[in-house]
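Engineer: Sharing a structure here in structure tokens format.
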Amino acid sequence: MTEIHRGLAGVVVDTTTISMVNEQTNSLTYRGYPVQELCANCTFEEVAWLLWHGELPTARELAEFQSVERNRRTLGRTVSGALSRLPADCHPMDVLRTAISYLGADDPTEGLDDRDHNLAKSIDMFAKLPTIVAAEQRRRRGLDPILPDPALGYAENFLQMCIGAVPPAEQVRAFEVSMILYAEHSFNASTFTARVVTSTLSDIYSAVTAAIGALKGPLHGGANEAVMHVLAEIESAGEVEAWLKQALADKRKIMGFGHRVYKNGDSRVPTMTAELRKLTADGTADELMAKYDALAAAMLRDKNIHPNLDYPTGPAYHLMGFDIPIFTPLFMMSRITGWTAHIMEQLESNSLIRPLSSYVGVDQRPVPAGAARL
Ligand code: CMC
């Protein structure tokens, strides 16, 4: 009897040097560095460089990278024209999927897929995605886009493009920490999708476009949006018990909880929760946080299931002022670093990814003659 691994659960399909998720110790390292230490000591630009190159940048390398990145933030006419023609009410993840397709179609180096070209394309997407997401956040509110400011770092520039000013330092820091935590997580569904597409020797834009499709789903990146819908659905902390009982009786999955790899808690949650607590220290979100804490406690007690990273990022993004449909695009702005690092790694020692299936349909049979089918 063939052993079936539904969902590829527990299957190790390849090696990687990019990150290590250790479920025994609930830890995550990028290129050997604990992600918590990266959050405490690095900017997101430094982490992006680390994921792509394997080492943290020297001061000179960082300055050169920042200069390139800051010069590539502006969108070309092909892309901005195409995005402006999309239906006003389409989901921002659909906008991003389309945007990456247009960036690929507009790339004069299309077809050149060596590491140097793919790195340049990765930096280009990294630089332009914040411009696209910020414009989309403003478009949803009927506001004109704000041009990127090359004098500002990645996080400050993005937040300024969204709200017209650089917010207080603690908000910038919380946002940057979320970017670092979302950047990479080994062979998750979207990264694996990118590697599958890459393994056919397709191009980097096709791989990223496919990965966006995988990330959009609520069992993956879409969960950070779904968390806010859940917290909005529950009227007060006092309602949590009854709400959860009913939701579990209805066999609902509670968004922001559970993980395929971590069964005793997601290594990234404490760091992001600490940022969320700082954002709510002034007491203005006490009601939201009371529901947040009550649901986490009830899920642990009733199901022994811990929150995943999407649980604290959902409310954190809400408190930073983002609209809910922008949450998964924020995840994508970050994960572009991990995806592209994996695409380049896949190409270094490529093998077509082509698993097998076990056929359980009807036995072979002859096609009936025309008359017999009528
Ligand atoms: N709510 C209720 N029950 C759950 C949940 C949940 N969030 N997660 C797992 N369970 C239960 C599940 O019903 C099953 O119970 P039983 O054995 O009685 O049927 C048991 O736990 C095992 O669940 P599973 O679905 O087999 O576990 P999995 O490893 O396939 O699922 C998961 C992982 C992330 C798909 C799942 O936990 C889930 O659907 N969570 C909600 C969506 C979510 O928050 N996704 C974000 C994932 S982390 C960030 C990211 O990758 O984007």
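Lettering and numbering for the structure tokens are positional, with chains as A, B, ... in the shown order, residues counted from 1 in each chain, and ligands counted from 1 in the shown order.
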Sorted by chain and rising residue number, list the residues of chain A at most 7 Å from ligand 1 (counting only C-alpha atoms and all ligand atoms), each with its closest atom pair and distance in Å to one decimal, as JSON lines.
Structural biologist:
{"residue": "A:Asn188", "atom": "CA", "partner": "ligand 1", "partner_atom_place_in_ligand_line": "51 (O)", "distance": 6.3}
{"residue": "A:Leu215", "atom": "CA", "partner": "ligand 1", "partner_atom_place_in_ligand_line": "52 (O)", "distance": 7.0}
{"residue": "A:Pro218", "atom": "CA", "partner": "ligand 1", "partner_atom_place_in_ligand_line": "42 (C)", "distance": 6.0}
{"residue": "A:Leu219", "atom": "CA", "partner": "ligand 1", "partner_atom_place_in_ligand_line": "45 (N)", "distance": 4.0}
{"residue": "A:His220", "atom": "CA", "partner": "ligand 1", "partner_atom_place_in_ligand_line": "52 (O)", "distance": 3.4}
{"residue": "A:Gly221", "atom": "CA", "partner": "ligand 1", "partner_atom_place_in_ligand_line": "52 (O)", "distance": 3.8}
{"residue": "A:Gly222", "atom": "CA", "partner": "ligand 1", "partner_atom_place_in_ligand_line": "52 (O)", "distance": 6.9}
{"residue": "A:Ala223", "atom": "CA", "partner": "ligand 1", "partner_atom_place_in_ligand_line": "43 (C)", "distance": 4.9}
{"residue": "A:Leu248", "atom": "CA", "partner": "ligand 1", "partner_atom_place_in_ligand_line": "2 (C)", "distance": 6.6}
{"residue": "A:Arg252", "atom": "CA", "partner": "ligand 1", "partner_atom_place_in_ligand_line": "2 (C)", "distance": 6.1}
{"residue": "A:Lys253", "atom": "CA", "partner": "ligand 1", "partner_atom_place_in_ligand_line": "1 (N)", "distance": 3.6}
{"residue": "A:Ile254", "atom": "CA", "partner": "ligand 1", "partner_atom_place_in_ligand_line": "1 (N)", "distance": 3.8}
{"residue": "A:Met255", "atom": "CA", "partner": "ligand 1", "partner_atom_place_in_ligand_line": "44 (O)", "distance": 4.2}
{"residue": "A:Gly256", "atom": "CA", "partner": "ligand 1", "partner_atom_place_in_ligand_line": "44 (O)", "distance": 3.4}
{"residue": "A:Phe257", "atom": "CA", "partner": "ligand 1", "partner_atom_place_in_ligand_line": "7 (N)", "distance": 4.1}
{"residue": "A:Gly258", "atom": "CA", "partner": "ligand 1", "partner_atom_place_in_ligand_line": "37 (O)", "distance": 3.4}
{"residue": "A:His259", "atom": "CA", "partner": "ligand 1", "partner_atom_place_in_ligand_line": "34 (C)", "distance": 4.1}
{"residue": "A:Arg260", "atom": "CA", "partner": "ligand 1", "partner_atom_place_in_ligand_line": "29 (O)", "distance": 3.3}
{"residue": "A:Val261", "atom": "CA", "partner": "ligand 1", "partner_atom_place_in_ligand_line": "29 (O)", "distance": 6.7}
{"residue": "A:Ile305", "atom": "CA", "partner": "ligand 1", "partner_atom_place_in_ligand_line": "8 (N)", "distance": 6.8}
{"residue": "A:Asn308", "atom": "CA", "partner": "ligand 1", "partner_atom_place_in_ligand_line": "48 (S)", "distance": 5.2}
{"residue": "A:Leu309", "atom": "CA", "partner": "ligand 1", "partner_atom_place_in_ligand_line": "49 (C)", "distance": 5.9}
{"residue": "A:Asp310", "atom": "CA", "partner": "ligand 1", "partner_atom_place_in_ligand_line": "49 (C)", "distance": 5.8}
Engineer: Output C-alpha atoms for every residue in the selection just made, as a compact mmCIF listing (two decimals), in the first residue's frame.
Structural biologist:
# COMPACT_ATOMS: atom_id res chain seq x y z
CA ASN A 188 5.67 27.29 3.66
CA LEU A 215 -0.32 33.58 0.17
CA PRO A 218 -6.91 32.40 4.67
CA LEU A 219 -5.08 29.25 5.78
CA HIS A 220 -1.83 31.07 4.95
CA GLY A 221 -1.22 34.84 4.64
CA GLY A 222 -4.89 35.75 4.45
CA ALA A 223 -5.18 34.78 8.12
CA LEU A 248 -15.95 25.13 17.36
CA ARG A 252 -14.85 26.61 12.16
CA LYS A 253 -11.11 27.14 12.06
CA ILE A 254 -10.22 30.00 14.37
CA MET A 255 -8.04 32.31 12.33
CA GLY A 256 -4.64 33.21 13.71
CA PHE A 257 -4.36 29.94 15.65
CA GLY A 258 -2.52 26.73 14.89
CA HIS A 259 0.43 25.94 12.67
CA ARG A 260 1.52 23.04 10.53
CA VAL A 261 5.03 23.00 12.04
CA ILE A 305 -3.83 25.47 20.23
CA ASN A 308 0.49 32.05 15.15
CA LEU A 309 2.17 35.24 13.90
CA ASP A 310 -0.99 36.44 12.18
Engineer: Write out as CSV a residue-level contact list of stretch 212-312 of chain A versus stretch 153-170 of chain A with cut-off 10 Å: for each qualifying residue the closest pair of atoms and the distance in Å to one decimal, counting only C-alpha atoms, rows sorted by chain and residue number upward.
Structural biologist:
residue,atom,partner,partner_atom,distance
A:Glu275,CA,A:Glu170,CA,8.2
A:Lys278,CA,A:Glu170,CA,7.5
A:Leu279,CA,A:Glu170,CA,7.2
Engineer: Might you pull out every residue within 8 Å of stretch 115-131 of chain A, with only C-alpha atoms counted and same-chain residues fewer than 3 positions away left off, and present them as a list in words?
Structural biologist: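 My list of contacting residues is Trp52, Glu69, Arg70, Arg72, Arg73, Thr74, Leu75, Leu96, Ile100, Thr109, Leu112, Ala134, Ala135, Leu147, Pro148, Phe158, Met161, Ile204, Met333, Ile336, Thr337, Thr340 and Met344 of chain A.
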Engineer: Write the residues of the selection above to a file with C-alpha atoms, as a PDB file, in the first residue's frame.
Structural biologist:
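That gives us part.pdb:
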ATOM      1  CA  TRP A  52      19.705  37.132  -0.362  1.00  0.00           C
ATOM      2  CA  GLU A  69      16.652  50.460  -3.567  1.00  0.00           C
ATOM      3  CA  ARG A  70      15.762  54.131  -3.053  1.00  0.00           C
ATOM      4  CA  ARG A  72      13.953  52.045  -7.840  1.00  0.00           C
ATOM      5  CA  ARG A  73      10.857  52.896  -5.824  1.00  0.00           C
ATOM      6  CA  THR A  74       9.022  54.819  -8.533  1.00  0.00           C
ATOM      7  CA  LEU A  75       6.675  52.863 -10.795  1.00  0.00           C
ATOM      8  CA  LEU A  96      -0.283  42.907  -6.343  1.00  0.00           C
ATOM      9  CA  ILE A 100       4.073  41.692 -10.545  1.00  0.00           C
ATOM     10  CA  THR A 109      15.992  41.912 -19.113  1.00  0.00           C
ATOM     11  CA  LEU A 112      17.938  36.682 -18.375  1.00  0.00           C
ATOM     12  CA  ALA A 134       0.702  52.492  -0.250  1.00  0.00           C
ATOM     13  CA  ALA A 135      -1.037  53.731  -3.407  1.00  0.00           C
ATOM     14  CA  LEU A 147       5.516  59.773  -4.219  1.00  0.00           C
ATOM     15  CA  PRO A 148       8.348  57.839  -2.545  1.00  0.00           C
ATOM     16  CA  PHE A 158       6.357  53.309   3.215  1.00  0.00           C
ATOM     17  CA  MET A 161       3.442  57.128   1.481  1.00  0.00           C
ATOM     18  CA  ILE A 204      11.088  34.949 -11.297  1.00  0.00           C
ATOM     19  CA  MET A 333       5.850  43.143   0.857  1.00  0.00           C
ATOM     20  CA  ILE A 336       9.134  38.915  -1.308  1.00  0.00           C
ATOM     21  CA  THR A 337      12.587  38.689   0.312  1.00  0.00           C
ATOM     22  CA  THR A 340      13.213  35.504  -4.063  1.00  0.00           C
ATOM     23  CA  MET A 344      17.657  31.827  -6.441  1.00  0.00           C
TER      24      MET A 344
END
Engineer: Can you tell me which residues surround A:Gln346 at a distance of at most 7 Å, considering only C-alpha atoms, apart from same-chain residues fewer than 4 positions away, and format the answer as a ChimeraX atom specification?
Structural biologist: /A:195,198-199,342,350
Engineer: Based on the selection just made, write N, CA and C atoms of those residues as a short mmCIF file (atom, residue, chain, number, x, y, z; two decimals), in the first residue's frame.
Structural biologist:
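So the final result, stored in selection13.cif, reads:
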data_model
loop_
_atom_site.label_atom_id
_atom_site.label_comp_id
_atom_site.auth_asym_id
_atom_site.auth_seq_id
_atom_site.Cartn_x
_atom_site.Cartn_y
_atom_site.Cartn_z
N ARG A 195 8.98 27.84 -5.48
CA ARG A 195 10.03 26.89 -5.85
C ARG A 195 9.52 25.91 -6.92
N THR A 198 9.63 27.79 -10.17
CA THR A 198 11.03 27.98 -10.55
C THR A 198 11.65 26.69 -11.07
N SER A 199 11.23 25.57 -10.48
CA SER A 199 11.83 24.28 -10.86
C SER A 199 11.55 23.91 -12.31
N HIS A 342 14.63 32.04 -2.05
CA HIS A 342 14.38 30.62 -2.36
C HIS A 342 14.40 30.37 -3.87
N ASN A 350 18.91 22.97 -9.34
CA ASN A 350 17.51 22.70 -9.67
C ASN A 350 17.22 21.24 -9.99
#
Engineer: Give me, as JSON, numbers by chain, all polymer residues having an atom no more than 7 Å from A:Ser101, counting only C-alpha atoms and skipping those fewer than 3 positions away in the same chain.
Structural biologist: {"A": [97, 98, 104, 105, 205, 209]}
Engineer: Which residue is closest to A:Ile146? Choose from A:Ala232, A:Ala297, A:Ile132, A:Leu288 and count only C-alpha atoms.
Structural biologist: A:Ile132
Engineer: Using only C-alpha atoms, which residues sit within 8 Å of stretch 312-323 of chain A once same-chain residues fewer than 6 positions away are excluded, as a CSV table (one decimal) with C-alpha atoms, in the first residue's frame?
Structural biologist:
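Output saved as out-v9.csv:
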chain,number,residue,atom,x,y,z
A,137,GLN,CA,-4.2,51.9,0.7
A,171,GLN,CA,4.9,52.5,15.3
A,174,ALA,CA,6.5,47.8,15.3
A,175,PHE,CA,6.0,47.8,11.5
A,178,SER,CA,6.6,42.7,11.6
A,224,ASN,CA,-4.0,38.2,9.4
A,225,GLU,CA,-7.0,39.8,7.7
A,227,VAL,CA,-8.1,37.6,12.6
A,228,MET,CA,-9.5,41.2,12.5
A,269,VAL,CA,4.6,35.4,18.4
A,272,MET,CA,5.3,40.6,17.7
A,273,THR,CA,3.1,40.5,20.8
A,275,GLU,CA,5.3,45.3,19.9
A,276,LEU,CA,1.5,45.0,20.0
A,279,LEU,CA,1.2,50.0,20.6
Engineer: Pick from A:Ile324, A:Lys245, A:Ser358, A:Thr200: nearest to A:His5, with only C-alpha atoms counted?
Structural biologist: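 Closest to A:His5, using only C-alpha atoms: A:Ser358.
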Engineer: Quote the spacing between atom CA of A:Val177 and atom CA of A:Cys39 in Å to one decimal place.
Structural biologist: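 Separation between atom CA of A:Val177 and atom CA of A:Cys39: 5.5 Å.
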Engineer: Produce a table with one row for each residue of stretch 106-176 of chain A that has an atom at most 12 Å from any atom of stretch 86-89 of chain A, each row naming the nearest atom pair and its distance in Å at one decimal; use only C-alpha atoms; arrange rows by chain and rising residue number; format as a Markdown table.
Structural biologist:
| residue | atom | partner | partner_atom | distance |
| --- | --- | --- | --- | --- |
| A:Glu136 | CA | A:Ala88 | CA | 9.6 |
| A:Gln137 | CA | A:Ala88 | CA | 11.5 |
| A:Arg138 | CA | A:Ala88 | CA | 11.6 |
| A:Arg139 | CA | A:Ala88 | CA | 8.0 |
| A:Arg140 | CA | A:Ala88 | CA | 7.5 |
| A:Arg141 | CA | A:Ala88 | CA | 10.5 |
| A:Gly142 | CA | A:Ala88 | CA | 9.8 |
Engineer: For the residues in the current selection, export N, CA and C atoms as a PDB file, in the first residue's frame.
Structural biologist:
ATOM      1  N   GLU A 136      -2.370  51.741  -3.109  1.00  0.00           N
ATOM      2  CA  GLU A 136      -3.614  50.971  -3.006  1.00  0.00           C
ATOM      3  C   GLU A 136      -4.352  51.336  -1.713  1.00  0.00           C
ATOM      4  N   GLN A 137      -3.596  51.472  -0.610  1.00  0.00           N
ATOM      5  CA  GLN A 137      -4.226  51.874   0.654  1.00  0.00           C
ATOM      6  C   GLN A 137      -4.915  53.237   0.482  1.00  0.00           C
ATOM      7  N   ARG A 138      -4.261  54.165  -0.219  1.00  0.00           N
ATOM      8  CA  ARG A 138      -4.831  55.498  -0.409  1.00  0.00           C
ATOM      9  C   ARG A 138      -5.983  55.477  -1.411  1.00  0.00           C
ATOM     10  N   ARG A 139      -5.841  54.671  -2.470  1.00  0.00           N
ATOM     11  CA  ARG A 139      -6.899  54.587  -3.477  1.00  0.00           C
ATOM     12  C   ARG A 139      -8.213  54.143  -2.837  1.00  0.00           C
ATOM     13  N   ARG A 140      -8.109  53.197  -1.883  1.00  0.00           N
ATOM     14  CA  ARG A 140      -9.304  52.705  -1.205  1.00  0.00           C
ATOM     15  C   ARG A 140     -10.021  53.806  -0.444  1.00  0.00           C
ATOM     16  N   ARG A 141      -9.275  54.863  -0.085  1.00  0.00           N
ATOM     17  CA  ARG A 141      -9.879  55.973   0.668  1.00  0.00           C
ATOM     18  C   ARG A 141     -10.096  57.196  -0.219  1.00  0.00           C
ATOM     19  N   GLY A 142      -9.958  56.990  -1.541  1.00  0.00           N
ATOM     20  CA  GLY A 142     -10.185  58.094  -2.478  1.00  0.00           C
ATOM     21  C   GLY A 142      -9.081  59.139  -2.453  1.00  0.00           C
TER      22      GLY A 142
END
Engineer: List the spatial neighbours of A:Tyr292 as a list in words - criterion: any atom at most 8 Å away, only C-alpha atoms, same-chain residues fewer than 3 positions off excluded.
Structural biologist: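 In the requested form, the answer reads Leu231, Ala237, Leu288, Met289, Leu295 and Ala296 of chain A.
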Engineer: Keeping only N, CA and C atoms, write the selected residues to a file as a PDB file, in the first residue's frame.
Structural biologist:
ATOM      1  N   LEU A 231     -12.118  39.194  15.484  1.00  0.00           N
ATOM      2  CA  LEU A 231     -12.169  40.070  16.659  1.00  0.00           C
ATOM      3  C   LEU A 231     -13.320  41.087  16.548  1.00  0.00           C
ATOM      4  N   ALA A 237     -15.146  40.988  25.444  1.00  0.00           N
ATOM      5  CA  ALA A 237     -14.366  39.899  26.045  1.00  0.00           C
ATOM      6  C   ALA A 237     -15.285  38.892  26.734  1.00  0.00           C
ATOM      7  N   LEU A 288     -10.377  45.967  22.629  1.00  0.00           N
ATOM      8  CA  LEU A 288      -9.861  45.042  21.618  1.00  0.00           C
ATOM      9  C   LEU A 288      -8.883  44.054  22.253  1.00  0.00           C
ATOM     10  N   MET A 289      -7.995  44.562  23.101  1.00  0.00           N
ATOM     11  CA  MET A 289      -6.982  43.697  23.704  1.00  0.00           C
ATOM     12  C   MET A 289      -7.596  42.725  24.711  1.00  0.00           C
ATOM     13  N   LEU A 295      -9.579  35.393  23.910  1.00  0.00           N
ATOM     14  CA  LEU A 295      -9.665  34.355  22.873  1.00  0.00           C
ATOM     15  C   LEU A 295      -8.422  33.456  22.904  1.00  0.00           C
ATOM     16  N   ALA A 296      -7.250  34.079  23.093  1.00  0.00           N
ATOM     17  CA  ALA A 296      -6.016  33.275  23.147  1.00  0.00           C
ATOM     18  C   ALA A 296      -6.066  32.305  24.332  1.00  0.00           C
TER      19      ALA A 296
END
Engineer: Enumerate, as an MDAnalysis selection string, the complete set of residues in stretch 115-241 of chain A that a backbone-based DSSP assignment places in helix (DSSP H, G or I).
Structural biologist: chainID A and resid 115:139 154:163 169:182 189:199 204:216 223:233 237:241
Engineer: Hey, which of A:Thr191, A:Thr2, A:Ser84, A:Ser206 ends up closest to A:Ser357? Count only C-alpha atoms.
Structural biologist: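 With only C-alpha atoms as the atom set, the closest residue is A:Thr2.
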Engineer: Using only C-alpha atoms, pick whichever of A:Pro92, A:Pro355, A:Gly76, A:Gly54 has the shortest atom-to-atom distance to A:Ile212.
Structural biologist: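 Closest residue, counting only C-alpha atoms: A:Pro92.
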Engineer: Figure out the distance between atom CA of A:Leu50 and atom CA of A:Pro108, please, to one decimal in Å.
Structural biologist: 26.9 Å
Engineer: Which of these residues is nearest to A:Val68, using only C-alpha atoms: A:Ser334, A:Gln364, A:Asp293, A:Pro150?
Structural biologist: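 Checking each candidate against A:Val68, we get A:Pro150 as the closest.
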Engineer: Could you state the separation of atom CA of A:Leu62 and atom CA of A:Trp49 in Å, given to one decimal place?
Structural biologist: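 Between atom CA of A:Leu62 and atom CA of A:Trp49 the gap is 8.0 Å.
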